[in-house]
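Student: Structure: entry-v2.txt, compact mmCIF, C-alpha atoms.
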```txt
# COMPACT_ATOMS: atom_id res chain seq x y z
CA MET A 1 19.33 -28.24 -25.13
CA LEU A 2 19.58 -24.76 -26.62
CA TYR A 3 21.82 -24.17 -29.63
CA PRO A 4 23.27 -27.69 -29.97
CA ARG A 5 24.96 -26.89 -33.29
CA ALA A 6 26.68 -23.85 -31.77
CA VAL A 7 28.03 -25.94 -28.91
CA THR A 8 29.30 -28.54 -31.37
CA LYS A 9 31.15 -25.86 -33.35
CA PHE A 10 32.70 -24.47 -30.16
CA ASN A 11 33.92 -27.92 -29.14
CA GLU A 12 35.47 -28.48 -32.56
CA ALA A 13 37.45 -25.27 -32.12
CA ALA A 14 38.17 -25.80 -28.42
CA PRO A 15 41.80 -27.06 -28.78
CA GLN A 16 42.76 -24.07 -30.91
CA ILE A 17 41.06 -21.62 -28.53
CA ALA A 18 42.81 -23.25 -25.55
CA VAL A 19 46.19 -22.87 -27.26
CA VAL A 20 45.63 -19.19 -28.03
CA LEU A 21 43.88 -18.06 -24.81
CA GLY A 22 44.90 -20.63 -22.22
CA GLY A 23 48.60 -20.99 -22.98
CA LEU A 24 48.34 -24.76 -23.49
CA GLU A 25 50.52 -26.64 -25.87
CA GLU A 26 48.67 -28.27 -28.73
CA SER A 27 49.29 -31.79 -27.40
CA ASP A 28 47.74 -30.88 -24.03
CA ALA A 29 44.82 -29.00 -25.52
CA ASN A 30 43.47 -31.78 -27.72
CA SER A 31 41.38 -33.20 -24.86
CA PHE A 32 39.85 -29.81 -23.98
CA GLU A 33 36.11 -29.34 -24.45
CA PHE A 34 33.54 -26.81 -23.31
CA PRO A 35 31.17 -28.37 -20.75
CA VAL A 36 27.79 -29.44 -22.06
CA THR A 37 25.14 -29.70 -19.35
CA SER A 38 21.51 -30.61 -19.53
CA PRO A 39 19.14 -28.24 -17.69
CA ALA A 40 16.74 -31.13 -17.16
CA LEU A 41 19.39 -33.11 -15.29
CA VAL A 42 20.39 -30.17 -13.12
CA ALA A 43 16.78 -29.46 -12.22
CA ASN A 44 15.87 -33.11 -11.55
CA PRO A 45 18.60 -35.05 -9.72
CA GLY A 46 16.22 -37.92 -9.02
CA ASN A 47 16.09 -39.94 -5.79
CA PHE A 48 19.76 -39.68 -4.89
CA PRO A 49 19.23 -37.32 -1.87
CA MET A 50 17.50 -40.30 -0.24
CA TYR A 51 20.53 -42.43 -1.12
CA PHE A 52 22.78 -39.92 0.66
CA MET A 53 20.65 -40.23 3.79
CA LEU A 54 20.75 -44.05 3.85
CA ILE A 55 24.46 -44.22 3.07
CA SER A 56 25.29 -41.79 5.89
CA ALA A 57 23.11 -43.75 8.30
CA GLY A 58 24.69 -47.04 7.22
CA TYR A 59 28.32 -46.21 7.89
CA VAL A 60 27.69 -44.12 11.05
CA LEU A 61 25.41 -46.68 12.73
CA PRO A 62 28.04 -49.32 13.74
CA TRP A 63 30.12 -46.88 15.80
CA THR A 64 26.98 -45.31 17.28
CA ALA A 65 25.68 -48.76 18.23
CA ILE A 66 28.95 -49.56 20.03
CA CYS A 67 29.13 -46.21 21.85
CA SER A 68 25.52 -46.53 23.03
CA LYS A 69 26.77 -49.39 25.23
CA VAL A 70 29.09 -47.04 27.17
CA SER A 71 27.38 -47.76 30.51
CA TYR A 72 27.87 -51.51 29.99
CA PHE A 73 31.55 -51.06 29.08
CA THR A 74 32.13 -48.79 32.07
CA GLU A 75 30.42 -51.16 34.51
CA GLU A 76 32.16 -54.30 33.22
CA TYR A 77 35.65 -53.04 32.26
CA GLY A 78 36.08 -49.61 33.88
CA ALA A 79 35.97 -46.06 32.54
CA ASN A 80 39.30 -46.32 30.72
CA TYR A 81 38.03 -49.02 28.35
CA PHE A 82 35.60 -46.67 26.60
CA VAL A 83 38.31 -44.01 26.33
CA MET A 84 40.60 -46.56 24.64
CA LEU A 85 37.86 -47.54 22.18
CA ASN A 86 37.65 -43.87 21.18
CA VAL A 87 41.42 -43.78 20.73
CA TYR A 88 41.42 -46.82 18.43
CA PHE A 89 38.52 -45.48 16.37
CA TYR A 90 39.78 -41.92 15.86
CA VAL A 91 43.54 -42.51 15.51
CA SER A 92 42.96 -44.75 12.50
CA GLY A 93 41.23 -41.91 10.65
CA LEU A 94 44.27 -39.67 10.06
CA PRO A 95 46.41 -42.09 8.00
CA VAL A 96 43.32 -43.09 6.03
CA THR A 97 42.52 -39.46 5.20
CA ALA A 98 46.13 -38.69 4.27
CA PHE A 99 46.16 -41.73 2.00
CA GLY A 100 42.86 -40.56 0.50
CA VAL A 101 44.33 -37.17 -0.44
CA TRP A 102 47.22 -38.91 -2.24
CA TYR A 103 44.80 -41.36 -3.84
CA ASP A 104 42.52 -38.61 -5.13
CA HIS A 105 45.38 -36.83 -6.88
CA THR A 106 47.09 -39.88 -8.38
CA VAL A 107 44.73 -42.78 -9.00
CA GLU A 108 41.87 -40.55 -10.13
CA MET A 109 44.17 -38.93 -12.69
CA LYS A 110 44.51 -42.35 -14.34
CA TYR A 111 40.97 -43.67 -13.84
CA GLU A 112 37.59 -41.96 -13.80
CA SER A 113 36.37 -40.64 -10.46
CA LYS A 114 33.13 -42.55 -10.90
CA PHE A 115 35.05 -45.86 -10.87
CA THR A 116 37.23 -44.92 -7.89
CA TYR A 117 34.25 -43.67 -5.82
CA LEU A 118 32.37 -46.90 -6.56
CA MET A 119 35.27 -49.16 -5.61
CA ARG A 120 35.94 -47.30 -2.35
CA SER A 121 32.28 -47.48 -1.35
CA ILE A 122 31.96 -51.21 -2.08
CA VAL A 123 35.24 -52.19 -0.39
CA CYS A 124 34.69 -50.03 2.71
CA LEU A 125 31.02 -50.86 3.33
CA THR A 126 31.62 -54.58 2.75
CA SER A 127 34.50 -54.49 5.25
CA ILE A 128 32.33 -52.63 7.78
CA LEU A 129 29.62 -55.29 7.39
CA ILE A 130 32.10 -58.10 8.10
CA LEU A 131 33.50 -56.30 11.16
CA VAL A 132 30.01 -55.66 12.56
CA MET A 133 29.09 -59.33 12.33
CA LEU A 134 32.32 -60.28 14.15
CA ILE A 135 31.55 -58.09 17.19
CA PRO A 136 29.27 -60.57 19.06
CA PHE A 137 32.01 -63.22 18.87
CA ALA A 138 34.87 -60.94 19.97
CA SER A 139 36.62 -60.75 23.34
CA THR A 140 37.48 -57.41 24.93
CA ASP A 141 40.93 -57.29 23.30
CA GLN A 142 39.56 -58.41 19.95
CA LEU A 143 36.85 -55.75 20.12
CA SER A 144 39.56 -53.09 20.38
CA ILE A 145 41.15 -54.39 17.18
CA ILE A 146 37.78 -54.53 15.43
CA VAL A 147 37.04 -50.93 16.45
CA GLY A 148 40.40 -49.84 15.03
CA PHE A 149 39.63 -51.38 11.64
CA LEU A 150 36.06 -50.11 11.86
CA GLY A 151 37.37 -46.57 12.28
CA MET A 152 39.66 -46.98 9.29
CA PHE A 153 36.90 -48.07 6.89
CA THR A 154 34.32 -45.69 8.38
CA TRP A 155 36.52 -42.65 7.83
CA ALA A 156 37.46 -43.84 4.35
CA VAL A 157 33.84 -44.09 3.17
CA HIS A 158 32.94 -40.89 5.03
CA ASN A 159 35.66 -38.91 3.26
CA SER A 160 34.65 -40.38 -0.10
CA HIS A 161 31.00 -39.43 0.26
CA ALA A 162 31.91 -36.01 1.68
CA LEU A 163 33.64 -35.38 -1.66
CA VAL A 164 30.56 -36.56 -3.52
CA ALA A 165 28.33 -34.27 -1.42
CA ALA A 166 30.65 -31.31 -2.05
CA LEU A 167 30.55 -32.15 -5.75
CA VAL A 168 26.76 -32.07 -5.89
CA GLN A 169 26.29 -28.97 -3.67
CA LEU A 170 22.49 -29.00 -3.38
CA ASN A 171 20.69 -27.84 -0.23
CA VAL A 172 18.34 -30.83 -0.38
CA THR A 173 21.35 -33.18 -0.35
CA THR A 174 22.79 -31.48 2.73
CA MET A 175 19.46 -31.75 4.50
CA TYR A 176 19.05 -35.46 3.74
CA GLN A 177 22.66 -36.15 4.70
CA GLN A 178 22.16 -34.48 8.10
CA VAL A 179 19.02 -36.59 8.61
CA GLY A 180 21.16 -39.63 7.79
CA TYR A 181 23.59 -38.69 10.55
CA ALA A 182 20.64 -38.49 12.98
CA LEU A 183 19.09 -41.84 12.10
CA PRO A 184 21.79 -44.01 13.79
CA ALA A 185 21.12 -42.36 17.14
CA VAL A 186 17.39 -43.02 16.79
CA ILE A 187 17.97 -46.62 15.66
CA SER A 188 20.44 -47.28 18.48
CA LEU A 189 18.06 -45.82 21.03
CA ILE A 190 15.26 -48.13 19.83
CA LEU A 191 17.59 -51.15 19.77
CA ASN A 192 18.79 -50.42 23.32
CA PHE A 193 15.19 -50.48 24.57
CA ALA A 194 14.14 -53.51 22.52
CA LEU A 195 17.33 -55.57 22.94
CA ALA A 196 18.64 -54.57 26.34
CA SER A 197 19.81 -57.97 27.59
CA PRO A 198 23.60 -58.60 27.46
CA SER A 199 23.09 -62.24 26.39
CA PHE A 200 24.86 -63.56 23.28
CA ASN A 201 21.68 -64.11 21.25
CA ILE A 202 20.43 -60.60 21.97
CA CYS A 203 23.84 -59.18 21.10
CA LEU A 204 23.86 -61.16 17.85
CA GLY A 205 20.41 -59.86 16.95
CA TYR A 206 21.43 -56.31 17.87
CA PHE A 207 24.40 -56.24 15.52
CA SER A 208 22.56 -58.21 12.82
CA VAL A 209 20.12 -55.31 12.56
CA VAL A 210 23.09 -52.94 12.36
CA GLY A 211 24.62 -55.10 9.61
CA ALA A 212 21.36 -54.99 7.63
CA PHE A 213 21.56 -51.19 7.53
CA VAL A 214 25.18 -51.35 6.37
CA LEU A 215 24.14 -53.71 3.56
CA LEU A 216 21.36 -51.32 2.57
CA ALA A 217 23.89 -48.47 2.50
CA ALA A 218 26.13 -50.45 0.12
CA GLY A 219 23.22 -50.94 -2.30
CA CYS A 220 22.36 -47.23 -2.14
CA ALA A 221 26.01 -46.29 -2.78
CA ILE A 222 26.00 -48.34 -5.98
CA LYS A 223 22.75 -46.76 -7.14
CA LEU A 224 23.97 -43.27 -6.27
CA ILE A 225 27.32 -43.44 -8.02
CA ARG A 226 25.77 -45.02 -11.12
CA SER A 227 23.08 -42.30 -11.37
CA ARG A 228 23.01 -40.15 -14.48
CA PHE A 229 22.99 -36.89 -12.51
CA LEU A 230 26.12 -37.73 -10.51
CA LYS A 231 27.86 -39.03 -13.63
CA MET A 232 27.41 -35.60 -15.21
CA LYS A 233 28.92 -33.92 -12.11
CA VAL A 234 31.85 -36.34 -11.95
CA VAL A 235 32.68 -35.87 -15.63
CA GLU A 236 32.71 -32.10 -15.15
CA LYS A 237 34.92 -32.45 -12.05
CA ASP A 238 37.40 -34.69 -13.92
CA ARG A 239 37.47 -32.25 -16.83
CA GLN A 240 38.27 -29.33 -14.52
CA SER A 241 40.91 -31.33 -12.65
CA LEU A 242 42.61 -32.34 -15.90
CA GLN A 243 42.57 -28.78 -17.15
CA ASP A 244 44.04 -27.50 -13.85
CA HIS A 245 46.71 -30.20 -14.02
CA ASN A 246 47.65 -29.31 -17.58
CA LEU A 247 47.82 -25.61 -16.74
CA HIS A 248 50.02 -26.37 -13.71
CA VAL A 249 52.35 -28.56 -15.78
CA ASN A 250 52.54 -25.94 -18.51
CA HIS A 251 53.40 -23.27 -15.95
CA ASN A 252 56.27 -25.43 -14.65
CA ARG A 253 57.57 -25.89 -18.20
CA MET A 254 57.62 -22.16 -18.76
CA HIS A 255 59.35 -21.58 -15.42
CA GLN A 256 62.04 -24.17 -16.13
CA SER A 257 62.77 -22.76 -19.60
CA SER A 258 62.92 -19.19 -18.16
CA MET A 259 60.27 -17.89 -20.52
CA ARG A 260 59.40 -14.25 -19.96
CA HIS A 261 55.77 -14.23 -20.97
CA THR A 262 54.82 -12.49 -17.70
CA GLU A 263 51.20 -11.90 -18.55
CA MET A 264 50.61 -15.54 -19.47
CA MET A 265 52.35 -16.78 -16.32
CA VAL A 266 50.17 -14.60 -14.07
CA SER A 267 47.09 -15.99 -15.81
CA LEU A 268 48.24 -19.55 -15.34
CA MET A 269 49.13 -19.04 -11.68
CA SER A 270 45.73 -17.52 -10.96
CA THR A 271 43.96 -20.56 -12.40
CA ASP A 272 46.03 -23.09 -10.47
CA SER A 273 43.15 -24.16 -8.24
CA ARG A 274 45.19 -26.43 -5.99
CA ALA A 275 47.38 -23.61 -4.60
CA PHE A 276 44.37 -21.28 -4.42
CA THR A 277 42.31 -23.84 -2.52
CA VAL A 278 44.97 -24.44 0.13
CA PHE A 279 45.43 -20.72 0.70
CA SER A 280 41.71 -20.05 0.87
CA VAL A 281 40.72 -22.72 3.41
CA LYS A 282 43.74 -22.82 5.71
CA TYR A 283 42.01 -20.67 8.35
CA HIS A 284 38.88 -22.81 8.07
CA MET A 285 41.14 -25.80 8.72
CA VAL A 286 42.60 -24.23 11.88
CA VAL A 287 39.18 -23.39 13.37
CA LEU A 288 37.79 -26.83 12.44
CA PHE A 289 40.81 -28.46 14.10
CA PHE A 290 40.07 -26.83 17.46
CA VAL A 291 36.33 -27.51 17.28
CA ILE A 292 36.84 -31.22 16.55
CA TYR A 293 39.70 -31.52 19.04
CA CYS A 294 37.47 -30.28 21.86
CA SER A 295 34.49 -32.41 20.78
CA VAL A 296 36.39 -35.71 20.55
CA LEU A 297 38.35 -35.11 23.76
CA GLU A 298 35.20 -34.31 25.74
CA GLY A 299 33.22 -37.22 24.26
CA ALA A 300 35.88 -39.76 25.20
CA PHE A 301 35.45 -38.96 28.91
CA ILE A 302 31.70 -39.33 29.33
CA SER A 303 32.45 -42.67 30.99
CA TYR A 304 34.26 -40.74 33.76
CA VAL A 305 31.15 -38.84 34.88
CA GLN A 306 29.93 -40.20 38.19
CA PRO A 307 26.16 -39.96 38.82
CA VAL A 308 25.04 -37.98 41.86
CA GLY A 309 21.73 -39.76 42.25
CA LYS A 310 20.67 -43.26 41.24
CA THR A 311 21.12 -42.68 37.52
CA LEU A 312 23.33 -45.71 36.83
CA THR A 313 23.04 -45.25 33.05
CA LEU A 314 24.19 -41.60 33.15
CA PRO A 315 27.07 -42.20 30.66
CA THR A 316 24.59 -43.63 28.14
CA ILE A 317 22.27 -40.66 28.68
CA LEU A 318 25.18 -38.29 28.15
CA TYR A 319 26.15 -40.10 24.96
CA PHE A 320 22.70 -39.78 23.40
CA VAL A 321 22.47 -36.14 24.51
CA ARG A 322 25.85 -35.61 22.86
CA VAL A 323 24.77 -37.21 19.58
CA PHE A 324 21.37 -35.55 19.34
CA GLY A 325 22.76 -32.20 20.49
CA ASP A 326 25.40 -32.24 17.77
CA LEU A 327 22.80 -33.12 15.14
CA LEU A 328 20.31 -30.49 16.34
CA GLY A 329 23.05 -27.86 16.25
CA ARG A 330 23.60 -28.32 12.51
CA PRO A 331 20.16 -27.08 11.34
CA LEU A 332 20.63 -23.98 13.52
CA SER A 333 23.22 -22.79 11.01
CA TRP A 334 20.53 -22.75 8.30
CA ILE A 335 18.51 -20.05 10.08
CA LYS A 336 18.34 -17.08 7.71
CA CYS A 337 18.01 -14.43 10.44
CA LEU A 338 21.42 -15.18 12.00
CA PRO A 339 23.67 -12.10 12.26
CA SER A 340 25.94 -11.90 9.22
CA GLY A 341 29.01 -11.65 11.45
CA ILE A 342 28.40 -15.14 12.83
CA ARG A 343 28.60 -16.62 9.34
CA GLN A 344 31.98 -14.98 8.76
CA LEU A 345 35.09 -16.96 9.65
CA LYS A 346 36.13 -14.42 12.32
CA GLY A 347 32.76 -14.77 14.03
CA ILE A 348 33.02 -18.57 13.90
CA ALA A 349 36.50 -18.41 15.43
CA VAL A 350 35.27 -16.21 18.31
CA LEU A 351 32.45 -18.67 19.10
CA ALA A 352 34.92 -21.57 18.99
CA PHE A 353 37.17 -19.74 21.47
CA PHE A 354 34.30 -19.21 23.95
CA ARG A 355 33.33 -22.87 23.56
CA VAL A 356 36.69 -23.83 25.09
CA SER A 357 35.42 -22.39 28.40
CA LEU A 358 32.64 -24.99 28.42
CA MET A 359 35.29 -27.68 27.98
CA ALA A 360 37.16 -26.34 30.99
CA VAL A 361 33.99 -26.58 33.12
CA TRP A 362 33.47 -30.16 31.90
CA PHE A 363 36.90 -31.39 33.00
CA ILE A 364 36.82 -29.48 36.29
CA TYR A 365 33.55 -31.31 37.02
CA ILE A 366 35.26 -34.67 36.35
CA TYR A 367 38.67 -34.22 37.96
CA TRP A 368 37.95 -31.69 40.74
CA PRO A 369 34.46 -32.60 41.98
CA THR A 370 34.80 -30.59 45.20
CA LEU A 371 35.28 -27.33 43.31
CA MET A 372 31.90 -27.34 41.59
CA PHE A 373 28.21 -27.78 42.23
CA ARG A 374 27.32 -31.37 41.34
CA SER A 375 24.07 -32.40 39.72
CA ASP A 376 23.11 -34.89 37.03
CA ALA A 377 20.82 -32.30 35.45
CA PHE A 378 23.68 -29.79 35.36
CA ILE A 379 26.14 -32.10 33.60
CA VAL A 380 23.50 -33.19 31.10
CA SER A 381 22.72 -29.53 30.34
CA LEU A 382 26.43 -28.79 29.96
CA GLN A 383 26.78 -31.72 27.57
CA LEU A 384 23.86 -30.39 25.54
CA GLY A 385 25.46 -26.95 25.26
CA ILE A 386 28.81 -28.39 24.17
CA SER A 387 27.19 -30.63 21.56
CA LEU A 388 24.84 -27.99 20.14
CA SER A 389 27.75 -25.60 19.65
CA SER A 390 29.82 -28.35 18.02
CA GLY A 391 27.25 -29.16 15.34
CA PHE A 392 26.50 -25.47 14.79
CA LEU A 393 30.16 -24.47 14.32
CA VAL A 394 31.10 -27.43 12.12
CA SER A 395 28.16 -26.75 9.82
CA LEU A 396 29.10 -23.06 9.55
CA ILE A 397 32.72 -23.89 8.75
CA TYR A 398 31.85 -26.25 5.91
CA GLU A 399 29.25 -23.83 4.57
CA SER A 400 31.72 -20.94 4.60
CA ALA A 401 34.37 -22.99 2.79
CA ALA A 402 31.92 -24.29 0.17
CA ASN A 403 30.69 -20.78 -0.64
CA LYS A 404 34.20 -19.84 -1.77
CA PHE A 405 34.03 -22.34 -4.62
CA ALA A 406 30.42 -22.20 -5.75
CA ASP A 407 31.37 -22.30 -9.44
CA SER A 408 33.95 -25.09 -9.49
CA GLU A 409 33.31 -28.78 -8.79
CA ALA A 410 37.03 -29.55 -8.71
CA ASP A 411 37.83 -26.79 -6.20
CA ARG A 412 34.97 -27.80 -3.91
CA THR A 413 36.23 -31.38 -3.73
CA LYS A 414 39.77 -30.17 -2.99
CA ALA A 415 38.49 -27.86 -0.25
CA SER A 416 36.51 -30.77 1.21
CA GLU A 417 39.67 -32.91 1.22
CA ARG A 418 41.60 -30.28 3.19
CA LEU A 419 38.79 -29.89 5.71
CA SER A 420 38.59 -33.68 6.14
CA LEU A 421 42.33 -33.71 6.81
CA ALA A 422 41.98 -30.96 9.45
CA PHE A 423 39.05 -32.89 10.97
CA GLN A 424 41.16 -36.04 11.32
CA ILE A 425 44.19 -34.20 12.69
CA GLY A 426 41.96 -32.70 15.37
CA ALA A 427 40.36 -36.06 16.18
CA THR A 428 43.71 -37.87 16.32
CA SER A 429 45.28 -35.17 18.48
CA ALA A 430 42.35 -35.43 20.90
CA ALA A 431 42.66 -39.21 21.02
CA LEU A 432 46.38 -38.99 21.83
CA THR A 433 45.66 -36.33 24.47
CA SER A 434 43.11 -38.65 26.09
CA LEU A 435 45.83 -41.32 26.36
CA VAL A 436 47.99 -38.91 28.34
CA MET A 437 45.06 -37.89 30.51
CA ILE A 438 44.04 -41.41 31.54
CA LYS A 439 47.64 -42.11 32.52
CA TYR A 440 48.51 -38.88 34.33
CA GLY A 441 45.14 -37.16 34.81
CA HIS A 442 44.52 -38.31 38.38
CA GLN A 443 48.05 -37.43 39.48
CA ILE A 444 47.66 -33.95 38.02
CA SER A 445 44.23 -33.51 39.60
CA GLU A 446 45.57 -34.52 43.05
CA LEU A 447 48.45 -32.08 42.69
CA VAL A 448 46.14 -29.22 41.72
CA ALA A 449 43.72 -30.11 44.54
CA GLU A 450 46.58 -29.85 47.05
CA LEU A 451 47.59 -26.46 45.69
CA VAL A 452 44.02 -25.17 45.78
```
Now, as a test, write the supplied structure out as structure tokens.
Tutor:
Amino acid sequence: MLYPRAVTKFNEAAPQIAVVLGGLEESDANSFEFPVTSPALVANPGNFPMYFMLISAGYVLPWTAICSKVSYFTEEYGANYFVMLNVYFYVSGLPVTAFGVWYDHTVEMKYESKFTYLMRSIVCLTSILILVMLIPFASTDQLSIIVGFLGMFTWAVHNSHALVAALVQLNVTTMYQQVGYALPAVISLILNFALASPSFNICLGYFSVVGAFVLLAAGCAIKLIRSRFLKMKVVEKDRQSLQDHNLHVNHNRMHQSSMRHTEMMVSLMSTDSRAFTVFSVKYHMVVLFFVIYCSVLEGAFISYVQPVGKTLTLPTILYFVRVFGDLLGRPLSWIKCLPSGIRQLKGIAVLAFFRVSLMAVWFIYIYWPTLMFRSDAFIVSLQLGISLSSGFLVSLIYESAANKFADSEADRTKASERLSLAFQIGATSAALTSLVMIKYGHQISELVAELV
């Protein structure tokens, strides 16, 4: 490291400098230090991008494995059963995410983020493993309960590792993480060909393979969070969060005592990253809400699509097209030659608005079959367009939000928290809308058909 003695001298004087320049009281400034980073660590993060890929695959695979059986669920229990499974899975995500926001700003202020990330990963992935192994023994009603708890722990570990990914902010990590989201679809596709029989032993083997991947993900999470590179990032994030907290508290003290140091108050308010983060990403949150709302609502009704020909497994085909389309849409946002306007939030919002028209065509095809040309190839192509645009827009939204906080680990994690909350609000709203639609959708469609 260059100039180690100079850095040591700066850190010795850091509390006094913070008091003079930062407006901190001496008791709050004693813990302040200038960050010391190692260029070797920044340049060589090790094997943890691979860990990100395996962790993502591990916690996404159980839900993907269940959804890949949509044709079986539809044939045995009717189209509404798959819609209800989506409701149970997505509704559980919102309270978990809201709890996570509170947890990140209270528990992590008392304990190190490294410890809290590790505990969340172990608890959630272990719980997912237990739930996966219970699936072969569950009845239809019990499966609904299992899916509800599966959604809760899946969203909890997803939100946790989204914060870790935002903390690291390396292109290679993003690439490996996207590959990790694609692996479950590939694995499920292979398992559906190799273990197609609905017998108990085949079902047990199917979900045992899924459980093995979850177990592998838990081991990778432990290795990742204990890595030296991530430890450096987490320490820096905790330092920034503590500094922001102290500045915020000090600003409140000055406000309560009616101090008139106007210049100092403006400085403190400008460095309060929590208020700045909320203001900066609120429009990203709105656009993300509508994108996720449309995606989840459309995906819940693939079981309603009736094949025109002899394609009895059309819902399963639509599901895999949906998954792979969403994943293929994400790398499209990395293309350098995209028009600059598309990468701006206004351009993203315009694309999201036009995507709603595709959703309208989708539901007209389902509920008013006589009003549209019917073809299995057409509905598969429509599903592909909806899914590609979903992955593309979501990737652009997260990229745009992350670019606002390129220099602050703490702000990036807070922005990621807000986007996760908007994601879950959109998913939950779509799940509740699907409940209304399965109850009153046919009555509404008959009424509209009479009017038309």
Student: List the spatial neighbours of range 342-358 of chain A as a PDB file with C-alpha atoms, in the coordinates of the input - criterion: any atom at most 10 Å away, all atoms listed in the file, same-chain residues fewer than 6 positions off excluded.
Tutor:
```
ATOM      1  CA  TYR A 283      42.010 -20.670   8.350  1.00  0.00           C
ATOM      2  CA  HIS A 284      38.880 -22.810   8.070  1.00  0.00           C
ATOM      3  CA  VAL A 286      42.600 -24.230  11.880  1.00  0.00           C
ATOM      4  CA  VAL A 287      39.180 -23.390  13.370  1.00  0.00           C
ATOM      5  CA  LEU A 288      37.790 -26.830  12.440  1.00  0.00           C
ATOM      6  CA  PHE A 290      40.070 -26.830  17.460  1.00  0.00           C
ATOM      7  CA  VAL A 291      36.330 -27.510  17.280  1.00  0.00           C
ATOM      8  CA  CYS A 294      37.470 -30.280  21.860  1.00  0.00           C
ATOM      9  CA  SER A 295      34.490 -32.410  20.780  1.00  0.00           C
ATOM     10  CA  SER A 333      23.220 -22.790  11.010  1.00  0.00           C
ATOM     11  CA  ILE A 364      36.820 -29.480  36.290  1.00  0.00           C
ATOM     12  CA  LEU A 382      26.430 -28.790  29.960  1.00  0.00           C
ATOM     13  CA  GLN A 383      26.780 -31.720  27.570  1.00  0.00           C
ATOM     14  CA  GLY A 385      25.460 -26.950  25.260  1.00  0.00           C
ATOM     15  CA  ILE A 386      28.810 -28.390  24.170  1.00  0.00           C
ATOM     16  CA  SER A 389      27.750 -25.600  19.650  1.00  0.00           C
ATOM     17  CA  SER A 390      29.820 -28.350  18.020  1.00  0.00           C
ATOM     18  CA  PHE A 392      26.500 -25.470  14.790  1.00  0.00           C
ATOM     19  CA  LEU A 393      30.160 -24.470  14.320  1.00  0.00           C
ATOM     20  CA  VAL A 394      31.100 -27.430  12.120  1.00  0.00           C
ATOM     21  CA  LEU A 396      29.100 -23.060   9.550  1.00  0.00           C
ATOM     22  CA  ILE A 397      32.720 -23.890   8.750  1.00  0.00           C
ATOM     23  CA  GLU A 399      29.250 -23.830   4.570  1.00  0.00           C
ATOM     24  CA  SER A 400      31.720 -20.940   4.600  1.00  0.00           C
ATOM     25  CA  ALA A 401      34.370 -22.990   2.790  1.00  0.00           C
TER      26      ALA A 401
END
```
Student: I want to know what sits within 9 Å of Ile135 in chain A, based on only C-alpha atoms, with residues of the same chain fewer than 6 positions away left out; could you give that as a PyMOL selection string?
Tutor: chain A and resi 142-143+146+203-204+207
Student: Report, in Å with one decimal, the straight-line distance from CA of Glu298 in chain A to CA of His161 in chain A.
Tutor: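 Interatomic distance, CA of Glu298 in chain A to CA of His161 in chain A: 26.3 Å.
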Student: Kindly indicate which residue among A:Leu85, A:Ala194, A:Leu388, A:Leu134 lies nearest to Val70 in chain A, using all atoms listed in the file for the distances.
Tutor: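 Closest to Val70 in chain A, using all atoms listed in the file: A:Leu85.
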Student: So, with only C-alpha atoms as the atoms that count, which of A:Gln306, A:Ser139, A:Ser381, A:Ser340 lies closest to Tyr365 in chain A?
Tutor: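 Smallest distance to Tyr365 in chain A is found for A:Gln306.
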Student: Taking all atoms listed in the file into account, which of A:Ile292, A:Val209, A:Leu318, A:Met285 comes nearest Ala377 in chain A?
Tutor: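 Under the stated criterion, the closest residue is A:Leu318.
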Student: Keeping C-alpha atoms, write range 72-92 of chain A of the structure just shown out as a tab-separated table (two decimals), in the first residue's frame.
Tutor:
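Output contents, as saved in out-v8.tsv:
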```
chain	number	residue	atom	x	y	z
A	72	TYR	CA	-49.56	-31.42	-14.47
A	73	PHE	CA	-51.20	-29.05	-11.96
A	74	THR	CA	-53.62	-27.76	-14.59
A	75	GLU	CA	-54.60	-31.25	-15.76
A	76	GLU	CA	-55.05	-32.67	-12.25
A	77	TYR	CA	-56.44	-29.71	-10.27
A	78	GLY	CA	-57.61	-27.12	-12.81
A	79	ALA	CA	-56.18	-23.82	-14.03
A	80	ASN	CA	-56.97	-21.94	-10.81
A	81	TYR	CA	-54.63	-24.10	-8.72
A	82	PHE	CA	-51.50	-22.78	-10.44
A	83	VAL	CA	-52.78	-19.21	-10.09
A	84	MET	CA	-53.23	-19.77	-6.34
A	85	LEU	CA	-49.70	-21.16	-6.02
A	86	ASN	CA	-48.44	-17.91	-7.55
A	87	VAL	CA	-50.53	-15.94	-5.06
A	88	TYR	CA	-49.08	-17.81	-2.07
A	89	PHE	CA	-45.52	-17.44	-3.35
A	90	TYR	CA	-45.59	-13.74	-4.21
A	91	VAL	CA	-47.81	-12.37	-1.42
A	92	SER	CA	-45.38	-13.63	1.20
```
